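Engineer: Below you will find the structure I want to go over with you.
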Amino acid sequence: MADVLFSIEGLTIDSVRGGVRRRIVDDISLSVERGELYGLVGESGSGKSISMMASVGLAASGLEVMAGSVAFSGRALPARNQRGLRGNLSRGVSLLFQNAKGALNPFKTVDRQVERALRRSGRQTDPRAEVEVLFRVVGLNYRDFRGKYPHQISGGQAQRVAMACALATEPALLIADEPTTALDVTTERELLRFLARLCEEREMAIVLIAHNLSLVSEYCRRLSIMHAGQVVESGNLKTIFADPLHPYTRGLIAAVPDVDQPRELVPLIGNVWGGPEGIERCRFSHRCQFATPVCEARHPPAIERAGRAVHCVLYEEVPA
Amino acid sequence: MRLPPLTLYILRRLAISLIVLFGVSAVAFSMAYLLPSDPVTSRYPDITNEQRAEMRRQMGLDQPLVVQYVRYMESVFRGDFGRSFGTGNTVGQDLALRIPATLELATFGITFGVLVGLPLGMLGAVYRGSWIDHLVRVFNLAAQSIPAFWLGVVLIFYLYFQLRLVPSPIGRLSALYTAPTGVTGFYTIDAVLAGRFDVALAALRQVMLPAFVLGLGVVSPIARITRAAMSQSLKEDYITFGRALGLRSRQLVLGDALRGALVPIVTTLGFIVGNVLAGAAVVETVFAWPGLGRYAVTAITTSDMAPVSTCILLIASSVAVTNLLVDISYAFIDPRIRHEYAR
Amino acid sequence: MNMRVDPMPTTPALPRRPAGPTPWRRFYYGIFGGDALGLAGTAMLAALLAIAIVGPWLVTHDPLLTTPQTLLPPTAEHWLGTDHFGRDVFSRTITSLRIDFIVAGLGVSGAILIGSLLGLVCGYVGGWFDDLVMRGVDIVQSFPLLLIAMVLILVMGPGLESIVIVTVLINIPIYARVIRGETLSRKTLEYIDAARCSGASEMSILFRHLMPNTLSPIIVHGSLNLAAAVGNVAALSFLGVGIRPPTPDLGVMVAEGTNYLVQGAWWMSIGPGLVLALTIFSLNLLGDCLEGRLDPRRTEA
């Protein structure tokens, strides 16, 4: 791969609660190139947010990073070193959250929050003017928002303010964790188009985390699909849509309505985490119509096939 | 004329408090009235029945409860709060001497409690679930569990009788010094203002131990609420977002998260003020501190009606005022509440 | 499609797999949520309760018997020494523990009974009755309760009954408030509607569907409140209006001991106070642990 900016290798995370240990992220890997919009798709609870948060050193309490490494701009760190990974946050990684209103400090006016992010980034020539510029970049009129508290603005406006904060650090990578979930449909489109434009104009890479495959498909070039803490398939969007390999991906795409070619939608049956606990297996096996005893025993490593990586025993070479 | 919304809010609250306090005064006075033992007989055991009846008539003790209550309320509005049978002074005069003593003790105690409790609670929240958190928890529960009167006795025994580290636990200032006179009534501050640093030091040494015992009871509630509220606010998205922006952890914890936890902390502090004023009775008794609490205890055990009802009324009023101050402070802490009040 | 079936799949074991729930683990995590401090508090409380219960058979001397051997330091004969009347401090401490447990326990139980009932009815019925009771609760809570307790005990006349009644009175507001809140938040839930639809009477809804759910806040507040009550009874006795001498009480014993500190008789106060502190400490540990376990607002994320 040409110009890899950010990569995760073999990230594995356990949750420990009430003395019970559960593996919630199981050996996932992905790599993002400079300036690309990368999609990370999965149902709620599939571990996509958890993995990305852990990859920037913000693993929630109660989670234990077991293995894996994260590289950003050619500097690799073990994923267990959360403090070290947090260092990337002031070296060009930024985040956007689902709940933008909650992401803004309710006790500070929005302009002061953007100003604070600017100060932290060290560009202090003229903070006031820079804040104005940032507000313009995210499409807000500075004068309307000066002195306003987060509770006085709408969700879409809050997400734009949060974006201004994130852009203040001039990031090379923006991890957007379902940034549009709390917004209405029109605002959602606007925001995603805006993200895509940023990506092009600023050479900024974006990882877009989403549970909605059709949403991601409009903006991403490449994507990974997660299920129950495992990456099941990753690669080029067009290839995957044209010919999904993993049974889960097929199920997902079958569930996406298509205006041009109307067909019967097939719902995915079963629960993400419904299978047996604590054993090494393909975690889709309990929902998979092709499941074999092997699937109950192990999760295969990435198999390169048809220009993408797929984790499924169906595609393993038969030994001679 | 239109008043600003916050002022209107305060005025409305004051009016409600005043009504409640009227009720409190009636209940307090009735209870004091019901206290057994006759103040005349207990003070002059050898007088004849005629003399006693005459004295009771002079004191107005032969009047029905309602009349006595009205007389008492007159004295409240006069500002002298009736006469104490025990000291012979008006209750107003007695309190003028004793309120500063209790306030000085309470101020030192609460300050100590907050200065220790706040950092402890923050430690517990930041290192939640670690051994530091557990240590803080055990310390808090222990501090909450040690009875103040026993701790006072133990400390007096070791630090005074055994080690002679502290001055003798009798009151606010040892007899070697003359009490400073000043505006605040706080011996420590008045002495400093008068330039008598030796007196200030002596007064400080005197207040240290009782303030510690009183303050230890404050540590635990403050630390507990701080831990709970900070754990909550540290989990808020805006803290994670701040980290994601690369803001310094110290700034986020001491600035943003603490600010987010301040409303419940201030609420608890409000409760504590009332508890400390009533709880001071025990500490003041142990350390022979001439304050409000000890005055109230003496008045209760000697059935001294006017001081009893005045002390109860006074503490209830300060609780009401504190609650109001707490509510007003919300507006300064949280802009969301400020805009809520303004509506 | 290439299909391959491996006859003997190799399954490397997960590192540090969760252990199966042994009975001990189930007990430890199920009841205490893996909280060692809660377990320690319970053990301590159980020990103190046991001592209080078997107290009469444990004492070495008659706790009320005065002897000429006054102010003896701890010896093999008198484990905690003797007081100014020559009474055995150890025996008096154990007897006091028993009395204080009974007084505080009765007081708190009474408050739970009356307070919960008030709260339940207030929350369920609402209206003027609710307003009336809650304003009453407001007024009671704005009083300095320690002083009010002193006045009430003196009005009723000294004695154990007065202390129990006063403890009940000053603690009723806690339960009335908590249970009212709990009832209010539950009475609009679907399961209550379901019960009503299936023909349950109002009484049956109140006592069979609402009351059982208020149990966990009662347990939490009860243990913390019992800790406070034990301390308050002792504090009242210390101030001279609670349990009166010669009936042994931990607060009275500490108070009597203060008069003999000058003579160096530390044993009169230290032992009883320590037992008092340990009792309150164990109850607080238990209450704190249960609060973390049973209060849904405090569950860990």
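Identifiers for the structure tokens are assigned positionally: chains receive A, B, ... in sequence, residues are indexed from 1 per chain, and ligands are indexed from 1 in the order shown.
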Please identify which residues in segment 23-82 of chain B DSSP calls helix (DSSP H, G or I) from the backbone, and express them as a PyMOL selection string.
Structural biologist: chain B and resi 23-34+39-43+49-59+65-78
Engineer: Any chance you could tabulate, as CSV, the residues of chain A at most 12 Å from chain C with each one's nearest atom pair and distance in Å to one decimal, using only C-alpha atoms, in chain and rising number order?
Structural biologist:
residue,atom,partner,partner_atom,distance
A:Thr12,CA,C:Pro15,CA,11.4
A:Ile13,CA,C:Pro15,CA,11.8
A:Asp14,CA,C:Arg16,CA,10.3
A:Ser15,CA,C:Pro18,CA,11.0
A:Val16,CA,C:Pro18,CA,9.4
A:Arg17,CA,C:Glu300,CA,8.8
A:Gly18,CA,C:Gly33,CA,6.4
A:Gly19,CA,C:Gly34,CA,7.2
A:Val20,CA,C:Pro18,CA,5.7
A:Arg21,CA,C:Pro18,CA,5.3
A:Arg22,CA,C:Pro18,CA,7.6
A:Arg23,CA,C:Leu14,CA,9.1
A:Asp26,CA,C:Leu14,CA,10.8
A:Ala60,CA,C:Ala301,CA,9.0
A:Ser61,CA,C:Ala301,CA,8.2
A:Gly62,CA,C:Ala301,CA,7.9
A:Leu63,CA,C:Ala301,CA,10.4
A:Met66,CA,C:Pro15,CA,9.3
A:Ala67,CA,C:Pro15,CA,11.0
A:Leu245,CA,C:Met1,CA,10.5
A:His246,CA,C:Met1,CA,11.9
A:Glu277,CA,C:Pro18,CA,9.6
A:Gly278,CA,C:Arg17,CA,6.7
A:Ile279,CA,C:Leu14,CA,6.8
A:Glu280,CA,C:Thr11,CA,6.8
A:Arg281,CA,C:Thr11,CA,8.7
A:Cys282,CA,C:Thr11,CA,12.0
A:Phe290,CA,C:Met3,CA,10.0
A:Ala291,CA,C:Met3,CA,10.8
A:Thr292,CA,C:Val5,CA,7.5
A:Pro293,CA,C:Val5,CA,7.6
A:Val294,CA,C:Asp6,CA,6.3
A:Cys295,CA,C:Val5,CA,9.5
A:Glu296,CA,C:Pro9,CA,9.2
A:Ala297,CA,C:Thr11,CA,6.1
A:Arg298,CA,C:Thr11,CA,6.6
A:His299,CA,C:Thr11,CA,9.9
A:Pro300,CA,C:Pro9,CA,11.5
A:Cys312,CA,C:Met3,CA,10.5
A:Val313,CA,C:Arg4,CA,7.4
A:Leu314,CA,C:Met3,CA,5.5
A:Tyr315,CA,C:Asn2,CA,6.0
A:Glu316,CA,C:Asn2,CA,7.0
A:Glu317,CA,C:Asn2,CA,7.0
A:Val318,CA,C:Arg4,CA,6.2
A:Pro319,CA,C:Arg4,CA,8.7
A:Ala320,CA,C:Arg4,CA,11.5
Engineer: Residues of chain B within 8 Å of chain C, counting only C-alpha atoms, what are they? List them as a ChimeraX atom specification.
Structural biologist: /B:20,24,31-32,34-36,141-142,144-147,149-150,153-154,157,161,274-275,277-279,282,285,296-297,300-301,312,315-316,319-320
Engineer: Skip Thr41 of chain B itself and residues of its chain fewer than 3 positions away, then list as a PyMOL selection string all residues within 12 Å of it, counting only C-alpha atoms.
Structural biologist: chain B and resi 36-38+44-49+51-53+55-56+85+302-303
Engineer: Which residue is closest to Ile206 of chain A? Choose from A:Ala129, A:Ala117, A:Ala254, A:Leu173 and count only C-alpha atoms.
Structural biologist: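 Checking each of A:Ala129, A:Ala117, A:Ala254, A:Leu173 against Ile206 of chain A, counting only C-alpha atoms, the winner is A:Leu173.
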Engineer: Hey, which of A:Gly45, A:Pro171, A:Gly39, A:Gly229 ends up closest to chain B? Count only C-alpha atoms.
Structural biologist: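 Ranking A:Gly45, A:Pro171, A:Gly39, A:Gly229 by distance to chain B, first place goes to A:Pro171.
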Engineer: Excluding same-chain residues fewer than 2 positions from Val178 of chain C, what lies within 9 Å of it counting only C-alpha atoms, as a list of chain:residue names?
Structural biologist: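 My list of contacting residues is C:Ser116, C:Gly119, C:Pro173, C:Ile174, C:Tyr175, C:Ala176, C:Arg180, C:Gly181, C:Glu182, C:Thr183, C:Thr214, C:Pro217, C:Ile218, C:His221.
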Engineer: Can you check which residues of chain B have any atom within 12 Å of chain A? Use only C-alpha atoms and format it as a PyMOL selection string.
Structural biologist: chain B and resi 125-130+231+233-249+251-252+255-263+330-340
Engineer: Out of C:Val125, C:Met211, C:Met268, C:Val275, which residue has the shortest atom-to-atom distance to His78 of chain C when counting only C-alpha atoms?
Structural biologist: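 Closest candidate: C:Met268.
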Engineer: Please, what distance in Å, to one decimal, runs between atom CA of Pro169 of chain B and atom CA of Thr188 of chain B?
Structural biologist: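 For atom CA of Pro169 of chain B relative to atom CA of Thr188 of chain B, the distance reads 16.5 Å.
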Engineer: Considering only C-alpha atoms, return as a list of chain:residue names whatever protein or nucleic-acid residues lie within 12 Å of Ser174 of chain B, sequence-local ones (same chain, fewer than 3 positions apart) excluded.
Structural biologist: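 Near Ser174 of chain B, the qualifying residues are B:Val166, B:Pro167, B:Ser168, B:Pro169, B:Ile170, B:Gly171, B:Tyr177, B:Thr178, B:Ala179, B:Tyr187, B:Asp198, B:Val199, B:Ala200, B:Leu201, B:Ala202, B:Ala203, B:Leu204, B:Arg205, B:Gln206, B:Val207, B:Ala288, B:Trp289.
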Engineer: How would the residues just chosen look if you wrote them out with C-alpha atoms as a CSV table (one decimal), in the first residue's frame?
Structural biologist:
chain,number,residue,atom,x,y,z
B,166,VAL,CA,-1.6,21.5,72.5
B,167,PRO,CA,-2.8,24.1,75.0
B,168,SER,CA,-5.3,23.0,77.6
B,169,PRO,CA,-8.7,22.5,76.0
B,170,ILE,CA,-10.6,25.2,77.9
B,171,GLY,CA,-12.3,27.7,75.6
B,177,TYR,CA,-3.9,36.5,77.2
B,178,THR,CA,-6.6,39.1,77.0
B,179,ALA,CA,-9.2,38.5,74.3
B,187,TYR,CA,-10.1,35.9,67.9
B,198,ASP,CA,1.3,36.2,69.7
B,199,VAL,CA,-2.4,36.3,70.7
B,200,ALA,CA,-3.4,35.2,67.2
B,201,LEU,CA,-1.1,32.3,67.4
B,202,ALA,CA,-2.4,31.3,70.8
B,203,ALA,CA,-6.0,31.6,69.5
B,204,LEU,CA,-5.1,29.5,66.5
B,205,ARG,CA,-3.5,26.8,68.7
B,206,GLN,CA,-6.7,26.8,70.8
B,207,VAL,CA,-9.0,26.4,67.8
B,288,ALA,CA,-15.3,23.8,76.7
B,289,TRP,CA,-15.8,26.1,73.7
Engineer: Could you name the residues that touch Val138 of chain A at 9 Å or less, counting only C-alpha atoms, but leaving out those on the same chain fewer than 4 positions away, as an NGL selection string?
Structural biologist: :A and (133-134 or 160-161 or 163-164 or 194)
Engineer: Just checking: using only C-alpha atoms, which residue out of B:Gly92, B:Gly113, B:Pro100, B:Gly86 ends up closest to Gly215 of chain B?
Structural biologist: B:Gly113
Engineer: Could you pull the residues within 8 Å of Pro248 of chain C, counting only C-alpha atoms, minus those fewer than 6 positions along the same chain, as a PyMOL selection string?
Structural biologist: chain C and resi 63-64+92-93+95-96+99
Engineer: Those same residues - C-alpha atoms - I'd like them written as a PDB file, in the first residue's frame.
Structural biologist:
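Resulting contents of result-v5.pdb:
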ATOM      1  CA  PRO C  63     -21.798  -4.510  84.969  1.00  0.00           C
ATOM      2  CA  LEU C  64     -23.665  -2.658  87.729  1.00  0.00           C
ATOM      3  CA  ARG C  92     -20.074  -2.632  81.000  1.00  0.00           C
ATOM      4  CA  THR C  93     -18.871  -2.132  77.423  1.00  0.00           C
ATOM      5  CA  THR C  95     -23.678  -4.712  78.052  1.00  0.00           C
ATOM      6  CA  SER C  96     -23.739  -1.207  76.544  1.00  0.00           C
ATOM      7  CA  ILE C  99     -28.409  -1.856  74.844  1.00  0.00           C
TER       8      ILE C  99
END
Engineer: Quote the spacing between atom CA of Ala306 of chain B and atom CA of Ser84 of chain B in Å to one decimal place.
Structural biologist: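 We find that atom CA of Ala306 of chain B and atom CA of Ser84 of chain B lie 6.1 Å from each other.
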